[in-house]
Structure formats: structure tokens, C-alpha cells
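J.: To start, I am sharing the structure in question, which I have written as C-alpha cells.
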Amino acid sequence: MSKVFKCESCGADLDFQDSGEIVQCPYCGTRQTLYSDSYSDEISDEQRRKIDSLLKRVFILLEDGEFKKADKYCERVLDVDPENALAYLGKLMAEKRVNSREDLADCEESLWLSNNYYRSVIYAESDLKSELESYEAKINARLENKKNERDYNYALSIMKTADNEDAFRTIANMFMRIKDYKNSYSLAQECINKADEMKREREKIEIQSQEQAKTQAMNETINKFIISLLCAGICALVYFTSK
């Protein structure tokens with residue numbers, strides 16, 4: 001009879017027949033040896049009480065900033081219950097060096113970069129999962145805001161020195177990518193208007209240049225014609241005076 005075990009890397013369900021069998025995860029490719037005596041469908045009441053006691057100790061240690069000790073206690077929980085979301089949460093907090101769960105929302109980078117966050121989410125019940133995802137959402141919103149601020153300041157700085165149509169259109173595209181940030185949309189429109197104005201001025205100059213070229217060509221033609229007439233008149237005068 002096959003039993004179900006969890007992949008130690010991604011948490012996917014693995015089927016195996018015999019104790020000591022080497023199984024490769026079909027999802028992430030991790031290979032591990034599975035033993036039937038290491039898996040239990042049920043955790044005894046005594047083990048549960050031990051887990052609860054260890055978890056209390058974990059979060060007290062985290063409050064006190066004892067992150068290495070807290071991580072070790074989390075590992076003791078996971079030795080008994082390898083799918084304990086709170087233990088992975090404790091490890092995540094120790095990894096990020098935060099004293100409370102709420103402080104996770106202030107982390108500098110996405111929590112998804114941590115394997116402990118991933119395991120916390122996949123093993124968590126709905127309330128804890130929603131809580132963790134809310135922290136990640138706040139981090140992403142803050143990171144997005146920082147990116148927008150950086151892009152906004154860069155576009156604003158080069159807008160001040162832009163002096164041609166292509167530059168203003170490029171800057172307008174920069175502002176349009178963050179059009180909902182500050183006054184980016186109005187600045188994009190301002191850049192487009194300046195680019196259009198430069199385009200009209202350029203086209204006006206081109207038309208004037210073309211007209212000047214035509215006038216010059218016509219004048220040159222007239223001058224050549226007059227010169228031809230003069231030459232012909234002189235030749236005729238010479239001819240008749242020599243008779």
C-alpha cells in the first residue's frame with residue numbers, strides 16, 4: 001500500500017511503496033529517501049502539547065531578539081510536525097530578524113524570496129495565510145512606490161534639459177508608464193505638447209527651406225535666361241557691326 005509524503009523542497013505530495021525508497025519529486029526534481037517510520041498521519045496529544053510549548057518559547061525568543069535560539073526551537077517543532085506553519089513563520093521572522101509578525105510588513109524585499117515564507121503560506125490555515133499575504137502586499141506596494149518615485153525623479157530631471165522632439169516623446173512615455181503616480185500624467189501631456197510644438201516648428205522650417213530652395217532655383221533659371229539673352233544680343237551686335 002502506498003503512503004503519501006511531502007517533498008522536502010517544495011512540499012508537494014509524494015507517493016512511495018517501500019521504506020527506504022528513493023523518490024524524485026515530479027514538480028521540482030528533488031530526490032529524497034522516504035522511510036515509513038518517519039511519517040505519521042496523526043500527532044499525539046503529548047506531542048501537540050510539546051509543540052505548543054515550543055512555539056510559545058519561539059515567539060518569546062523572537063520578542064527578545066534571540067533569533068538563532070528561536071530558529072533552533074522552530075527546528076525542534078518541525079522534527080515533530082514538518083508541516084507546522086507557525087514554525088516556518090518563526091523561522092521566517094528569525095531570518096528577517098523581526099520581533100513581531102506585523103514587522104514583516106516592513107521588510108526591505110519580497111517575502112517570496114524566502115523559502116520559509118513559501119512553506120508558511122502553503123501549510124497555513126486561511127486566517128494566517130491571509131495575514132502573511134497582507135504583509136507581502138504591503139511590501140510590494142512600498143517597493144512599487146519606491147520604483148515609481150525613482151522613475152518619476154529620473155524623468156523629471158531629464159525633462160529639464162530636453163531640447164528636441166524625440167527626447168520629449170521618450171520622456172512622455174516614461175511618465176505614461178507611471179501615469180497614476182503624482183502628476184505624471186499631466187507631465188506626460190506637457191511633454192507631448194512640447195514635442196508636437198517642436199514638430200510643427202520643424203515642419204514649418206522645412207516648408208520655408210523648400211520654398212526658399214524653389215525661389216533660388218527659379219532665380220538661377222531666370223538669371224541664366226537673361227545671361228543667355230545678353231550673350232545672344234552681344235553676338236548679334238558684333239555680327240552686324242562687322243558687316
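Going through the C-alpha cells in order, the chains are called A, B, and so on, while each chain numbers its residues from 1 and the ligands are numbered from 1 in the order shown.
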Skip Lys179 in chain A itself and residues of its chain fewer than 3 positions away, then list as a list in words all residues within 12 Å of it, counting only C-alpha atoms.
T.: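 Listing them by chain and then by number gives Asn148, Glu149, Asp151, Tyr152, Ala155, Ile171, Ala172, Asn173, Met174, Phe175, Met176, Lys182, Asn183, Ser184, Tyr185, Ser186, Leu187, Ala188 and Gln189 of chain A.
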J.: Any idea what's packed within 12 Å of range 135-147 of chain A, counting only C-alpha atoms, ignoring anything in its chain fewer than 3 positions away? Could you give it as a PyMOL selection string?
T.: chain A and resi 101-114+117-118+121+128-132+150-154+177-178+180-182
J.: Skipping near chain neighbours, those fewer than 4 positions away, what residues fall within 7 Å of range 66-82 of chain A using only C-alpha atoms, listed as a ChimeraX atom specification?
T.: /A:51,54,58,61-62,87,90-91,94,97
J.: Export N, CA and C atoms of the chosen residues as a short mmCIF file (atom, residue, chain, number, x, y, z; two decimals), in the first residue's frame?
T.:
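Produced file part_27.cif, reproduced below:
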```cif
data_model
loop_
_atom_site.label_atom_id
_atom_site.label_comp_id
_atom_site.auth_asym_id
_atom_site.auth_seq_id
_atom_site.Cartn_x
_atom_site.Cartn_y
_atom_site.Cartn_z
N ILE A 51 4.60 20.73 21.13
CA ILE A 51 4.71 21.71 20.04
C ILE A 51 4.23 23.08 20.49
N LEU A 54 6.81 24.63 22.71
CA LEU A 54 7.97 25.08 21.95
C LEU A 54 7.67 26.36 21.17
N VAL A 58 9.38 29.98 21.13
CA VAL A 58 9.87 30.60 19.90
C VAL A 58 9.54 32.08 19.85
N LEU A 61 11.32 34.21 22.41
CA LEU A 61 12.70 34.44 21.99
C LEU A 61 12.77 35.50 20.89
N LEU A 62 11.82 35.46 19.97
CA LEU A 62 11.79 36.45 18.90
C LEU A 62 11.55 37.85 19.44
N ALA A 87 5.80 27.26 12.84
CA ALA A 87 7.24 27.04 12.98
C ALA A 87 7.99 27.69 11.81
N GLY A 90 8.00 31.31 12.42
CA GLY A 90 9.06 31.66 13.37
C GLY A 90 10.42 31.71 12.70
N LYS A 91 10.69 30.74 11.82
CA LYS A 91 11.96 30.73 11.10
C LYS A 91 12.07 31.95 10.17
N ALA A 94 12.86 34.91 12.31
CA ALA A 94 14.26 34.85 12.72
C ALA A 94 15.18 35.22 11.55
N ARG A 97 14.89 38.80 11.09
CA ARG A 97 15.28 39.49 12.32
C ARG A 97 14.24 40.53 12.74
#
```
J.: To one decimal place in Å, what is the distance between CA of Phe168 in chain A and CA of Met198 in chain A?
T.: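 Atom-to-atom, CA of Phe168 in chain A and CA of Met198 in chain A are spaced 9.5 Å apart.
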J.: Identify, with DSSP run on backbone atoms, the residues in range 23-209 of chain A assigned to alpha helix (DSSP H), and express the list as a ChimeraX atom specification.
T.: /A:45-63,67-80,85-96,115-123,126-159,165-177,184-209
J.: Could you check which of A:Ile222, A:Thr170, A:Thr215, A:Glu165 is closest to Arg202 in chain A, using only C-alpha atoms?
T.: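 Nearest to Arg202 in chain A: A:Glu165.
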J.: Could you tell me how far CA of Lys96 in chain A sits from CA of Tyr27 in chain A, in Å to one decimal place?
T.: 27.6 Å
J.: Could you pull out the residues in range 30-233 of chain A that DSSP calls strand (DSSP E) from the backbone, as a ChimeraX atom specification?
T.: /A:31-34
J.: Output the selection as a PDB file, in the first residue's frame - N, CA, C and O atoms for each residue.
T.:
```
ATOM      1  N   ARG A  31      15.402  14.779  -5.090  1.00  0.00           N
ATOM      2  CA  ARG A  31      15.427  13.355  -4.769  1.00  0.00           C
ATOM      3  C   ARG A  31      15.620  13.191  -3.267  1.00  0.00           C
ATOM      4  O   ARG A  31      16.471  13.861  -2.674  1.00  0.00           O
ATOM      5  N   GLN A  32      14.847  12.314  -2.652  1.00  0.00           N
ATOM      6  CA  GLN A  32      14.996  12.070  -1.227  1.00  0.00           C
ATOM      7  C   GLN A  32      14.594  10.635  -0.893  1.00  0.00           C
ATOM      8  O   GLN A  32      13.822  10.002  -1.628  1.00  0.00           O
ATOM      9  N   THR A  33      15.149  10.147   0.188  1.00  0.00           N
ATOM     10  CA  THR A  33      14.823   8.801   0.644  1.00  0.00           C
ATOM     11  C   THR A  33      13.704   8.882   1.665  1.00  0.00           C
ATOM     12  O   THR A  33      13.770   9.654   2.618  1.00  0.00           O
ATOM     13  N   LEU A  34      12.656   8.085   1.471  1.00  0.00           N
ATOM     14  CA  LEU A  34      11.486   8.131   2.328  1.00  0.00           C
ATOM     15  C   LEU A  34      11.427   6.870   3.197  1.00  0.00           C
ATOM     16  O   LEU A  34      11.639   5.752   2.707  1.00  0.00           O
TER      17      LEU A  34
END
```
J.: When distances are computed from only C-alpha atoms, which of A:Ala195, A:Phe59, A:Cys235, A:Ile205 shows the smallest separation from Leu89 in chain A?
T.: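 Of A:Ala195, A:Phe59, A:Cys235, A:Ile205, the one nearest Leu89 in chain A, counting only C-alpha atoms, is A:Phe59.
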J.: With only C-alpha atoms as the basis for distance, which of A:Arg57, A:Lys50, A:Lys194, A:Arg119 is at the shortest distance from Leu92 in chain A?
T.: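 So, comparing all the options, the nearest one is A:Arg119.
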J.: Ranking A:Ser134, A:Thr221, A:Thr30, A:Asn193 by minimum distance to Cys7 in chain A and counting only C-alpha atoms, which one comes first?
T.: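 Of all the options, A:Thr30 lies closest to Cys7 in chain A.
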